[in-house]
$ cat my_file-v3.cif   # mmCIF, C-alpha atoms and all ligand atoms
data_upload
#
loop_
_atom_site.label_atom_id
_atom_site.label_comp_id
_atom_site.auth_asym_id
_atom_site.auth_seq_id
_atom_site.Cartn_x
_atom_site.Cartn_y
_atom_site.Cartn_z
CA MET A 243 7.28 6.29 18.39
CA LYS A 244 9.87 4.88 16.03
CA THR A 245 9.96 6.50 12.62
CA PRO A 246 9.75 6.01 9.72
CA ILE A 247 6.41 4.29 10.23
CA TYR A 248 5.92 1.40 7.86
CA LEU A 249 2.59 1.64 6.02
CA ASP A 250 3.60 -0.23 2.88
CA TYR A 251 2.66 -3.83 3.75
CA SER A 252 1.38 -4.35 0.21
CA ALA A 253 4.90 -3.85 -1.11
CA THR A 254 6.38 -6.33 1.33
CA THR A 255 5.94 -7.40 4.93
CA PRO A 256 8.56 -7.96 7.61
CA CYS A 257 9.09 -11.60 8.52
CA ASP A 258 7.10 -12.49 11.59
CA PRO A 259 9.63 -13.28 14.36
CA ARG A 260 8.03 -16.73 14.68
CA VAL A 261 8.77 -17.32 11.01
CA VAL A 262 12.40 -16.33 11.49
CA GLN A 263 12.70 -18.72 14.45
CA ARG A 264 11.37 -21.61 12.39
CA MET A 265 13.75 -20.84 9.52
CA LEU A 266 16.99 -20.40 11.46
CA PRO A 267 18.00 -24.07 11.90
CA PHE A 268 17.66 -24.65 8.17
CA PHE A 269 20.56 -22.40 7.23
CA ALA A 270 23.35 -24.25 9.00
CA ASP A 271 22.29 -27.16 11.23
CA THR A 272 19.69 -28.78 9.00
CA PHE A 273 21.10 -27.71 5.69
CA GLY A 274 20.36 -30.78 3.58
CA ASN A 275 19.18 -30.83 -0.02
CA ALA A 276 15.54 -31.91 -0.04
CA ALA A 277 16.26 -33.93 -3.19
CA SER A 278 19.00 -36.04 -1.54
CA ARG A 279 17.38 -39.42 -1.14
CA SER A 280 20.34 -41.37 0.21
CA HIS A 281 20.96 -39.84 3.65
CA ALA A 282 19.38 -38.27 6.69
CA PHE A 283 20.40 -34.70 5.75
CA GLY A 284 18.16 -34.94 2.70
CA TRP A 285 15.34 -36.73 4.52
CA THR A 286 15.19 -34.06 7.23
CA ALA A 287 15.07 -31.28 4.64
CA GLU A 288 12.45 -33.14 2.65
CA ALA A 289 10.29 -33.68 5.73
CA ALA A 290 10.43 -29.95 6.50
CA VAL A 291 9.52 -29.07 2.91
CA GLU A 292 6.58 -31.49 2.96
CA GLN A 293 5.32 -30.07 6.25
CA ALA A 294 5.42 -26.57 4.74
CA ARG A 295 3.65 -27.85 1.64
CA GLY A 296 0.86 -29.09 3.88
CA GLU A 297 0.67 -25.77 5.74
CA VAL A 298 0.42 -23.73 2.55
CA ALA A 299 -2.11 -26.17 1.07
CA ALA A 300 -4.25 -25.87 4.21
CA LEU A 301 -4.39 -22.08 3.85
CA ILE A 302 -6.08 -22.38 0.44
CA GLY A 303 -8.01 -25.63 0.79
CA ALA A 304 -5.70 -27.55 -1.54
CA HIS A 305 -4.02 -30.97 -1.44
CA PRO A 306 -0.30 -30.70 -0.58
CA LYS A 307 0.64 -32.38 -3.89
CA GLU A 308 -0.96 -29.44 -5.70
CA ILE A 309 1.62 -26.95 -4.37
CA ILE A 310 4.58 -26.19 -6.65
CA TRP A 311 7.33 -24.13 -5.00
CA THR A 312 8.63 -21.13 -6.92
CA SER A 313 10.78 -18.08 -6.23
CA GLY A 314 7.69 -15.93 -5.66
CA SER A 315 4.54 -14.75 -7.35
CA THR A 316 6.23 -13.32 -10.41
CA GLU A 317 7.54 -16.78 -11.23
CA ALA A 318 4.27 -18.46 -10.24
CA ASN A 319 2.31 -16.17 -12.57
CA ASN A 320 4.77 -16.76 -15.42
CA LEU A 321 4.60 -20.52 -14.89
CA ALA A 322 0.80 -20.54 -14.80
CA ILE A 323 0.27 -18.32 -17.83
CA LYS A 324 3.07 -19.44 -20.13
CA GLY A 325 2.91 -23.03 -18.90
CA VAL A 326 -0.81 -23.35 -19.68
CA ALA A 327 -0.47 -21.48 -22.98
CA GLU A 328 2.22 -23.85 -24.23
CA MET A 329 0.48 -26.98 -22.95
CA TYR A 330 -2.96 -26.20 -24.37
CA ARG A 331 -1.94 -24.55 -27.63
CA GLN A 332 -3.64 -27.32 -29.60
CA LYS A 333 -6.93 -26.54 -27.90
CA GLY A 334 -6.78 -22.82 -28.45
CA ASN A 335 -4.66 -19.69 -28.46
CA HIS A 336 -6.90 -17.27 -26.57
CA LEU A 337 -6.36 -15.93 -23.03
CA ILE A 338 -8.31 -13.38 -21.01
CA THR A 339 -7.11 -10.99 -18.32
CA ALA A 340 -7.87 -7.48 -17.04
CA VAL A 341 -6.02 -4.19 -17.42
CA THR A 342 -5.55 -3.77 -13.64
CA GLU A 343 -3.51 -6.94 -13.11
CA HIS A 344 0.00 -6.81 -11.66
CA LYS A 345 2.83 -6.48 -14.19
CA ALA A 346 3.74 -10.07 -13.36
CA VAL A 347 0.53 -11.08 -15.18
CA LEU A 348 0.39 -8.33 -17.80
CA ASP A 349 3.92 -8.88 -19.05
CA PRO A 350 3.70 -12.67 -19.55
CA MET A 351 0.42 -12.02 -21.40
CA LYS A 352 2.14 -9.45 -23.62
CA HIS A 353 4.92 -11.94 -24.23
CA LEU A 354 2.37 -14.51 -25.38
CA GLU A 355 0.78 -11.94 -27.69
CA SER A 356 4.15 -11.50 -29.32
CA GLN A 357 4.24 -15.28 -29.81
CA GLY A 358 0.96 -15.31 -31.71
CA PHE A 359 -1.50 -15.85 -28.87
CA GLU A 360 -4.59 -13.69 -28.66
CA VAL A 361 -5.25 -11.85 -25.39
CA THR A 362 -8.47 -10.11 -24.36
CA TRP A 363 -7.75 -7.24 -21.98
CA LEU A 364 -10.93 -6.63 -19.99
CA PRO A 365 -11.53 -3.05 -18.83
CA VAL A 366 -12.76 -2.30 -15.28
CA ASP A 367 -15.37 0.07 -13.87
CA LYS A 368 -14.53 2.91 -11.51
CA LEU A 369 -14.40 0.58 -8.51
CA GLY A 370 -12.01 -1.80 -10.28
CA HIS A 371 -14.46 -4.55 -11.26
CA VAL A 372 -14.64 -6.42 -14.55
CA ASP A 373 -18.10 -6.90 -16.04
CA LEU A 374 -18.98 -10.58 -15.68
CA ASP A 375 -21.27 -10.53 -18.74
CA GLN A 376 -18.41 -9.09 -20.73
CA LEU A 377 -16.13 -11.81 -19.37
CA GLU A 378 -18.63 -14.51 -20.31
CA ALA A 379 -19.07 -13.07 -23.79
CA ALA A 380 -15.30 -13.01 -24.27
CA ILE A 381 -14.89 -16.76 -23.57
CA THR A 382 -14.90 -18.84 -26.75
CA ASP A 383 -14.07 -22.48 -27.41
CA ARG A 384 -10.54 -21.28 -28.23
CA THR A 385 -10.10 -19.77 -24.73
CA ILE A 386 -7.59 -21.73 -22.67
CA LEU A 387 -7.09 -19.46 -19.63
CA VAL A 388 -8.74 -16.65 -17.69
CA SER A 389 -6.35 -14.88 -15.30
CA LEU A 390 -7.91 -12.45 -12.84
CA MET A 391 -6.36 -11.48 -9.52
CA THR A 392 -8.14 -12.20 -6.26
CA ALA A 393 -7.44 -8.70 -4.93
CA ASN A 394 -5.78 -5.70 -6.48
CA ASN A 395 -2.47 -4.56 -5.01
CA GLU A 396 -3.01 -0.83 -5.50
CA VAL A 397 -6.63 -0.27 -4.49
CA GLY A 398 -7.54 -3.54 -2.73
CA THR A 399 -10.66 -4.28 -4.81
CA LEU A 400 -11.67 -7.94 -4.51
CA HIS A 401 -12.81 -9.65 -7.68
CA PRO A 402 -15.75 -12.02 -7.09
CA ILE A 403 -13.45 -14.98 -7.75
CA HIS A 404 -16.00 -17.49 -6.63
CA GLU A 405 -18.39 -16.31 -9.38
CA ILE A 406 -15.58 -15.99 -11.89
CA GLY A 407 -14.41 -19.49 -11.01
CA ALA A 408 -17.91 -20.91 -11.43
CA LEU A 409 -18.27 -19.17 -14.77
CA CYS A 410 -14.94 -20.51 -16.05
CA LYS A 411 -15.83 -24.01 -14.88
CA ARG A 412 -19.20 -23.85 -16.66
CA LYS A 413 -17.47 -22.63 -19.83
CA GLY A 414 -14.74 -25.25 -19.61
CA THR A 415 -11.81 -22.86 -19.44
CA LEU A 416 -9.03 -22.83 -16.84
CA PHE A 417 -8.99 -20.08 -14.20
CA HIS A 418 -5.81 -18.65 -12.70
CA SER A 419 -5.84 -16.13 -9.88
CA ASP A 420 -2.94 -14.08 -8.54
CA ALA A 421 -3.80 -14.18 -4.83
CA THR A 422 -0.55 -12.57 -3.65
CA GLN A 423 -2.31 -9.72 -1.84
CA ALA A 424 -5.28 -11.77 -0.67
CA ALA A 425 -3.39 -14.52 1.16
CA GLY A 426 -3.97 -14.14 4.89
CA ARG A 427 -6.28 -11.19 4.30
CA PHE A 428 -9.21 -12.93 2.62
CA PRO A 429 -10.38 -16.54 3.01
CA LEU A 430 -9.13 -18.58 0.07
CA ASP A 431 -10.58 -21.94 -0.89
CA VAL A 432 -9.63 -23.29 -4.28
CA GLU A 433 -12.47 -25.83 -4.20
CA ALA A 434 -15.32 -23.51 -3.22
CA GLN A 435 -13.93 -20.75 -5.43
CA HIS A 436 -13.31 -23.09 -8.42
CA VAL A 437 -9.74 -21.91 -8.92
CA ASP A 438 -7.46 -24.07 -11.10
CA LEU A 439 -4.18 -22.20 -10.58
CA LEU A 440 -3.31 -19.76 -7.79
CA SER A 441 -0.17 -17.72 -7.11
CA LEU A 442 1.16 -16.89 -3.66
CA SER A 443 4.25 -15.10 -2.38
CA ALA A 444 5.73 -15.53 1.09
CA HIS A 445 7.01 -11.98 1.50
CA LYS A 446 3.51 -10.47 1.23
CA MET A 447 2.32 -12.61 4.15
CA TYR A 448 5.06 -12.20 6.80
CA GLY A 449 7.36 -14.78 5.26
CA PRO A 450 10.74 -14.34 3.57
CA LYS A 451 11.44 -12.84 0.15
CA GLY A 452 12.32 -15.02 -2.81
CA VAL A 453 9.88 -17.86 -2.20
CA GLY A 454 6.33 -18.49 -3.30
CA CYS A 455 4.23 -21.15 -4.91
CA LEU A 456 1.79 -22.01 -7.61
CA TYR A 457 -1.24 -24.12 -6.78
CA VAL A 458 -1.95 -26.45 -9.71
CA ARG A 459 -5.24 -28.38 -9.59
CA ARG A 460 -4.82 -32.17 -9.75
CA LYS A 461 -8.39 -33.24 -10.41
CA ASN A 462 -11.64 -31.92 -11.90
CA PRO A 463 -9.82 -31.03 -14.09
CA ARG A 464 -6.21 -32.17 -13.87
CA VAL A 465 -4.22 -29.12 -14.98
CA ARG A 466 -1.06 -29.69 -16.94
CA LEU A 467 1.76 -27.24 -17.55
CA VAL A 468 4.88 -26.95 -19.64
CA ALA A 469 7.74 -26.27 -17.21
CA GLN A 470 9.45 -22.92 -17.76
CA MET A 471 12.66 -24.10 -16.11
CA ASP A 472 14.32 -27.30 -17.26
CA GLY A 473 16.62 -29.22 -14.96
CA GLY A 474 16.33 -32.00 -12.43
CA GLY A 475 12.59 -32.47 -12.77
CA HIS A 476 11.75 -31.35 -9.24
CA GLU A 477 8.20 -30.41 -8.25
CA ARG A 478 6.35 -32.98 -10.37
CA GLY A 479 8.47 -31.89 -13.33
CA MET A 480 6.87 -28.44 -13.30
CA ARG A 481 9.70 -26.48 -11.73
CA SER A 482 13.28 -27.68 -11.59
CA GLY A 483 15.88 -26.33 -9.22
CA THR A 484 17.13 -27.16 -5.73
CA LEU A 485 14.48 -26.11 -3.26
CA ASN A 486 15.00 -23.05 -1.05
CA VAL A 487 14.48 -25.08 2.13
CA PRO A 488 14.77 -22.24 4.71
CA GLY A 489 12.49 -20.04 2.61
CA ILE A 490 9.95 -22.81 2.13
CA VAL A 491 9.94 -23.57 5.86
CA GLY A 492 9.35 -19.85 6.45
CA MET A 493 6.50 -19.76 3.96
CA GLY A 494 4.90 -22.77 5.62
CA GLU A 495 5.05 -21.14 9.04
CA ALA A 496 3.74 -17.86 7.57
CA ALA A 497 0.80 -19.76 6.05
CA ARG A 498 0.10 -21.58 9.30
CA LEU A 499 0.08 -18.28 11.22
CA ALA A 500 -2.09 -16.59 8.57
CA LYS A 501 -4.67 -19.36 8.83
CA ALA A 502 -4.60 -19.41 12.62
CA GLU A 503 -4.79 -15.65 13.08
CA MET A 504 -6.94 -14.47 10.21
CA VAL A 505 -10.22 -14.47 12.12
CA ARG A 506 -8.74 -12.30 14.86
CA GLU A 507 -6.55 -10.16 12.63
CA LEU A 508 -8.93 -9.11 9.86
CA PRO A 509 -11.38 -7.06 11.94
CA LEU A 510 -8.47 -5.35 13.70
CA LEU A 511 -6.90 -4.41 10.37
CA ALA A 512 -10.22 -3.20 8.96
CA ALA A 513 -10.81 -1.07 12.07
CA LEU A 514 -7.37 0.53 11.75
CA ARG A 515 -7.87 1.11 8.03
CA ASP A 516 -11.31 2.66 8.66
CA ARG A 517 -9.82 4.88 11.33
CA LEU A 518 -7.12 6.05 8.95
CA GLU A 519 -9.63 6.84 6.22
CA ALA A 520 -12.09 8.52 8.57
CA ARG A 521 -9.42 10.79 10.03
CA LEU A 522 -8.12 11.80 6.60
CA LEU A 523 -11.57 12.44 5.15
CA ALA A 524 -12.75 14.35 8.21
CA ALA A 525 -9.81 16.76 8.02
CA LEU A 526 -9.67 16.89 4.22
CA PRO A 527 -13.27 16.54 2.98
CA ASP A 528 -12.28 16.76 -0.68
CA ALA A 529 -9.95 13.75 -0.45
CA VAL A 530 -11.16 10.85 -2.61
CA ARG A 531 -11.15 7.16 -1.71
CA ASN A 532 -10.19 4.87 -4.56
CA GLY A 533 -11.37 1.31 -5.14
CA ASP A 534 -14.46 -0.52 -3.96
CA PRO A 535 -15.45 0.67 -0.47
CA ALA A 536 -17.22 -2.64 0.19
CA ALA A 537 -15.59 -5.55 -1.65
CA ARG A 538 -11.99 -4.94 -0.73
CA LEU A 539 -9.06 -6.09 1.34
CA PRO A 540 -9.13 -5.00 5.00
CA HIS A 541 -5.66 -3.51 5.23
CA LEU A 542 -5.40 -1.08 2.37
CA ALA A 543 -6.54 2.48 1.74
CA ASN A 544 -5.84 4.35 -1.47
CA VAL A 545 -6.65 8.04 -1.21
CA SER A 546 -6.28 10.94 -3.65
CA PHE A 547 -5.58 14.44 -2.39
CA PRO A 548 -6.67 16.86 -5.12
CA TYR A 549 -4.47 19.89 -5.81
CA VAL A 550 -1.47 18.24 -4.21
CA GLU A 551 1.31 16.54 -6.14
CA GLY A 552 1.81 13.02 -4.75
CA GLU A 553 5.58 13.05 -5.02
CA SER A 554 5.83 16.38 -3.15
CA LEU A 555 3.52 14.96 -0.53
CA ILE A 556 5.64 11.83 -0.12
CA MET A 557 8.78 13.97 0.11
CA GLY A 558 7.11 15.98 2.83
CA ILE A 559 6.13 12.99 4.93
CA LYS A 560 9.48 11.29 5.29
CA GLU A 561 8.41 9.83 8.64
CA LEU A 562 5.96 7.61 6.75
CA ALA A 563 6.76 4.74 4.39
CA VAL A 564 3.88 4.70 1.89
CA SER A 565 3.44 4.27 -1.87
CA SER A 566 2.41 6.93 -4.35
CA GLY A 567 0.00 6.64 -7.24
CA SER A 568 2.87 6.72 -9.65
CA ALA A 569 4.53 3.73 -11.17
CA CYS A 570 7.62 2.63 -9.35
CA THR A 571 8.61 0.38 -12.25
CA SER A 572 10.39 3.11 -14.18
CA ALA A 573 12.50 6.12 -13.43
CA SER A 574 9.88 8.38 -14.96
CA LEU A 575 6.82 9.39 -13.00
CA GLU A 576 4.08 7.62 -14.90
CA PRO A 577 0.72 7.93 -13.18
CA SER A 578 -0.46 4.51 -11.99
CA TYR A 579 -2.06 2.49 -14.81
CA VAL A 580 -4.39 0.91 -12.26
CA LEU A 581 -5.78 4.26 -11.08
CA LYS A 582 -6.05 5.46 -14.68
CA SER A 583 -7.99 2.29 -15.57
CA LEU A 584 -10.44 3.18 -12.81
CA GLY A 585 -11.05 6.45 -14.61
CA LEU A 586 -8.87 8.81 -12.58
CA GLY A 587 -7.24 11.60 -14.54
CA ASP A 588 -3.46 12.00 -14.52
CA GLU A 589 -3.71 14.78 -11.92
CA LEU A 590 -5.71 12.77 -9.44
CA ALA A 591 -3.70 9.60 -10.04
CA HIS A 592 -0.52 11.58 -9.35
CA SER A 593 -1.99 12.91 -6.11
CA SER A 594 -2.78 9.46 -4.70
CA ILE A 595 -1.22 7.60 -1.81
CA ARG A 596 -1.55 3.93 -0.95
CA PHE A 597 -1.50 3.21 2.78
CA SER A 598 -1.24 -0.50 3.53
CA LEU A 599 -1.34 -1.65 7.13
CA GLY A 600 -0.30 -4.90 8.72
CA ARG A 601 0.16 -7.17 11.69
CA PHE A 602 2.50 -4.76 13.45
CA THR A 603 0.64 -1.48 12.82
CA SER A 604 -0.64 0.30 15.94
CA GLU A 605 -3.43 2.80 16.44
CA ALA A 606 -0.88 5.36 17.59
CA GLU A 607 0.97 4.94 14.30
CA VAL A 608 -2.22 5.44 12.32
CA ASP A 609 -3.00 8.60 14.27
CA PHE A 610 0.50 9.97 13.85
CA ALA A 611 0.43 9.16 10.13
CA THR A 612 -2.92 10.79 9.46
CA ASP A 613 -1.92 13.92 11.41
CA ARG A 614 1.26 14.21 9.38
CA VAL A 615 -0.52 13.71 6.05
CA VAL A 616 -3.21 16.28 6.87
CA GLN A 617 -0.61 18.79 8.03
CA GLU A 618 1.48 18.30 4.89
CA VAL A 619 -1.46 18.43 2.47
CA LYS A 620 -2.54 21.71 4.07
CA ARG A 621 0.98 23.10 3.90
CA LEU A 622 1.36 22.20 0.22
CA ARG A 623 -2.05 23.62 -0.58
CA SER A 624 -1.22 26.87 1.18
CA MET A 625 1.58 27.32 -1.37
CA SER A 626 -0.47 26.24 -4.35
CA PRO A 627 -1.94 28.90 -6.65
CA LEU A 628 -4.40 26.28 -7.94
CA TRP A 629 -5.74 25.67 -4.48
CA GLU A 630 -6.12 29.43 -3.94
CA MET A 631 -8.16 29.71 -7.14
CA VAL A 632 -10.39 26.82 -6.06
CA GLN A 633 -10.97 28.58 -2.74
CA GLU A 634 -12.01 31.70 -4.65
CA GLY A 635 -14.64 29.62 -6.40
CA ILE A 636 -12.90 29.48 -9.77
CA ASP A 637 -13.76 26.39 -11.79
CA LEU A 638 -10.35 25.15 -12.92
CA THR A 639 -11.83 23.26 -15.86
CA GLN A 640 -13.04 26.60 -17.28
CA VAL A 641 -9.74 28.43 -16.92
CA ARG A 642 -7.92 29.31 -20.13
CA TRP A 643 -4.24 29.12 -19.34
CA THR A 644 -1.92 31.33 -21.35
CA ALA A 645 1.82 31.14 -21.60
CA HIS A 646 3.81 34.33 -21.05
C1 LIG B 1 4.02 -8.40 -5.03
C2 LIG B 1 3.08 -8.93 -6.06
C3 LIG B 1 3.53 -9.79 -7.07
C4 LIG B 1 5.00 -10.16 -7.22
O1 LIG B 1 5.35 -11.06 -6.23
P1 LIG B 1 6.90 -11.46 -6.01
O2 LIG B 1 6.83 -12.61 -5.07
O3 LIG B 1 7.52 -10.25 -5.38
O4 LIG B 1 7.48 -11.80 -7.32
C5 LIG B 1 2.63 -10.27 -7.96
N1 LIG B 1 1.32 -9.95 -7.89
C6 LIG B 1 0.84 -9.14 -6.93
C7 LIG B 1 -0.61 -8.82 -6.89
C8 LIG B 1 1.71 -8.60 -5.98
O5 LIG B 1 1.23 -7.78 -5.05
#
$ encode --input "my_file-v3.cif" --output "structure tokens"
Amino acid sequence: MKTPIYLDYSATTPCDPRVVQRMLPFFADTFGNAASRSHAFGWTAEAAVEQARGEVAALIGAHPKEIIWTSGSTEANNLAIKGVAEMYRQKGNHLITAVTEHKAVLDPMKHLESQGFEVTWLPVDKLGHVDLDQLEAAITDRTILVSLMTANNEVGTLHPIHEIGALCKRKGTLFHSDATQAAGRFPLDVEAQHVDLLSLSAHKMYGPKGVGCLYVRRKNPRVRLVAQMDGGGHERGMRSGTLNVPGIVGMGEAARLAKAEMVRELPLLAALRDRLEARLLAALPDAVRNGDPAARLPHLANVSFPYVEGESLIMGIKELAVSSGSACTSASLEPSYVLKSLGLGDELAHSSIRFSLGRFTSEAEVDFATDRVVQEVKRLRSMSPLWEMVQEGIDLTQVRWTAH
């Protein structure tokens, strides 16, 4: 088996070889600028871009004209949130989101707060869900946008976006969802789910890095945005800049494959994920699963290993590429804000590992990975005085620690 084994598909996915094949001609042979209207180089590029637009639209039940290409989900989220806020400022200055969103939603919201907008930060329960009554109560006639992710990137919890969408529609407020993790792993349908704006990123769905899109609803209601990038007026004036044609072609192919293979792929992923969890929990009965065990993405398991420090664990399992429950956004080891929002203490958050599986994960890899984790957790515990005390029946919460 080739190591390290990649179990970090929620951080990024490899390009599917079929995606790479589709992209290759667009680097050198068919290199035209999709905005060149006066010659065949431009027309060919434009045709490829429009085909990809159709493929991405089909994945989410949208019309191709509703797809605005961006550099990824970070840009799509910024465009949705800041673009709506600026456009609808006359109507109101209130936005709603949740504390477990990705930084690419939280930070634009914080930026708006600094500009005088009002943001409601909804808390979540221990499974990662917002309270829908609380959401409804928070919506006022000054509310211009609700932004709640389709699925969480750290624990995989799925928000009931169809209910949230219906609620927002009834209340007359726009609904944006960051569906970066959900694309290809959960059926998306912007009509049935009443989504007005939706962010996607190619590199989380077996496409290339640096390309993504924002779905912007064209009717019932027609959503308008203030562009965050001024220039040539590309993309219905919502996002200027020469299009990344190879990337867009890759994203289109990735979307086409996701749609075609989802039905077959999802149960396989869920079975591998369940196998991984079952093997860990059988060998380490005090390990804790995080997130909603039912309403969640099929490919992701987030597990805490009490009395083991997550970073030491990760250092000890160099053959595995996984993520820890600590923030990777800073040099310091902050415990994950998502896990803390779910009610985990610093200790448990620090001792958590996110395993995210994907299209190229095998059963043998899952078995190897779980064996290695179990072995390493046991080794670390055998050296841990805390673990020894727990084994002796000492309740650690009652211990009075004294400094020498
Ligand atoms: C990865 C990710 C993003 C950022 O996407 P980029 O395309 O890398 O900018 C945003 N939201 C979620 C939920 C993600 O998982």
$ atom_distance --input "my_file-v3.cif" --atom1 "CA of Val397 (chain A)" --atom2 "CA of Asp588 (chain A)"
16.2 Å
$ residues_near_ligand --input "my_file-v3.cif" --ligand "ligand LIG 1 (chain B)" --cutoff "9 Å" --atoms "all atoms listed in the file" --output "number ranges by chain"
A: 252-254, 312-319, 343-347, 391-396, 420-424, 441-446, 451-455
$ atom_distance --input "my_file-v3.cif" --atom1 "CA of Arg459 (chain A)" --atom2 "CA of Gly479 (chain A)"
14.6 Å
$ residues_around --input "my_file-v3.cif" --residues "Ile323 (chain A)" --least-positions-apart "4" --cutoff "12 Å" --atoms "all atoms listed in the file" --output "number ranges by chain"
A: 315-319, 327-331, 335-339, 346-355, 359, 361, 386-390, 416-420, 438-441, 456, 458, 466-470
$ closest_residue --input "my_file-v3.cif" --among "A:Arg515, A:Lys324, A:Arg642, A:Lys461" --to "Thr612 (chain A)" --atoms "all atoms listed in the file"
A:Arg515
$ atom_distance --input "my_file-v3.cif" --atom1 "CA of Glu495 (chain A)" --atom2 "CA of Gly398 (chain A)"
24.6 Å
$ residues_around --input "my_file-v3.cif" --residues "Phe602 (chain A)" --least-positions-apart "2" --cutoff "12 Å" --atoms "only C-alpha atoms" --output "PyMOL selection string"
chain A and resi 247-251+255-259+448+507+510-511+514+541+598-600+604-608
$ decode --input "my_file-v3.cif" --residues "region 257-275 of chain A" --atoms "N, CA and C atoms" --output "short mmCIF file (atom, residue, chain, number, x, y, z; two decimals), in the first residue's frame"
data_model
loop_
_atom_site.label_atom_id
_atom_site.label_comp_id
_atom_site.auth_asym_id
_atom_site.auth_seq_id
_atom_site.Cartn_x
_atom_site.Cartn_y
_atom_site.Cartn_z
N CYS A 257 -7.58 15.89 -8.57
CA CYS A 257 -8.38 15.96 -9.79
C CYS A 257 -8.63 14.53 -10.27
N ASP A 258 -9.84 14.26 -10.66
CA ASP A 258 -10.14 12.98 -11.29
C ASP A 258 -9.37 12.96 -12.61
N PRO A 259 -8.74 11.82 -12.96
CA PRO A 259 -7.98 11.78 -14.22
C PRO A 259 -8.82 12.17 -15.43
N ARG A 260 -10.12 11.89 -15.39
CA ARG A 260 -11.00 12.28 -16.51
C ARG A 260 -11.14 13.79 -16.60
N VAL A 261 -11.06 14.44 -15.44
CA VAL A 261 -11.11 15.91 -15.41
C VAL A 261 -9.85 16.47 -16.05
N VAL A 262 -8.71 15.89 -15.66
CA VAL A 262 -7.43 16.36 -16.21
C VAL A 262 -7.43 16.22 -17.73
N GLN A 263 -7.91 15.06 -18.22
CA GLN A 263 -7.95 14.84 -19.67
C GLN A 263 -8.77 15.90 -20.39
N ARG A 264 -9.90 16.25 -19.80
CA ARG A 264 -10.76 17.26 -20.42
C ARG A 264 -10.09 18.64 -20.43
N MET A 265 -9.31 18.92 -19.38
CA MET A 265 -8.70 20.24 -19.26
C MET A 265 -7.52 20.45 -20.19
N LEU A 266 -6.74 19.38 -20.41
CA LEU A 266 -5.44 19.51 -21.07
C LEU A 266 -5.44 20.35 -22.35
N PRO A 267 -6.36 20.12 -23.30
CA PRO A 267 -6.28 20.89 -24.54
C PRO A 267 -6.43 22.40 -24.33
N PHE A 268 -7.03 22.78 -23.21
CA PHE A 268 -7.34 24.20 -23.02
C PHE A 268 -6.17 25.02 -22.48
N PHE A 269 -5.04 24.36 -22.25
CA PHE A 269 -3.86 25.13 -21.85
C PHE A 269 -3.09 25.67 -23.04
N ALA A 270 -2.97 24.86 -24.10
CA ALA A 270 -2.12 25.28 -25.21
C ALA A 270 -2.83 25.30 -26.56
N ASP A 271 -3.53 24.21 -26.89
CA ASP A 271 -4.16 24.13 -28.21
C ASP A 271 -5.34 25.07 -28.33
N THR A 272 -6.23 24.99 -27.37
CA THR A 272 -7.48 25.77 -27.42
C THR A 272 -7.40 26.81 -26.32
N PHE A 273 -6.54 27.78 -26.54
CA PHE A 273 -6.17 28.68 -25.44
C PHE A 273 -6.93 30.00 -25.45
N GLY A 274 -7.92 30.12 -26.32
CA GLY A 274 -8.57 31.42 -26.53
C GLY A 274 -9.17 32.04 -25.29
N ASN A 275 -9.40 33.35 -25.39
CA ASN A 275 -10.07 34.11 -24.34
C ASN A 275 -11.57 34.02 -24.61
#
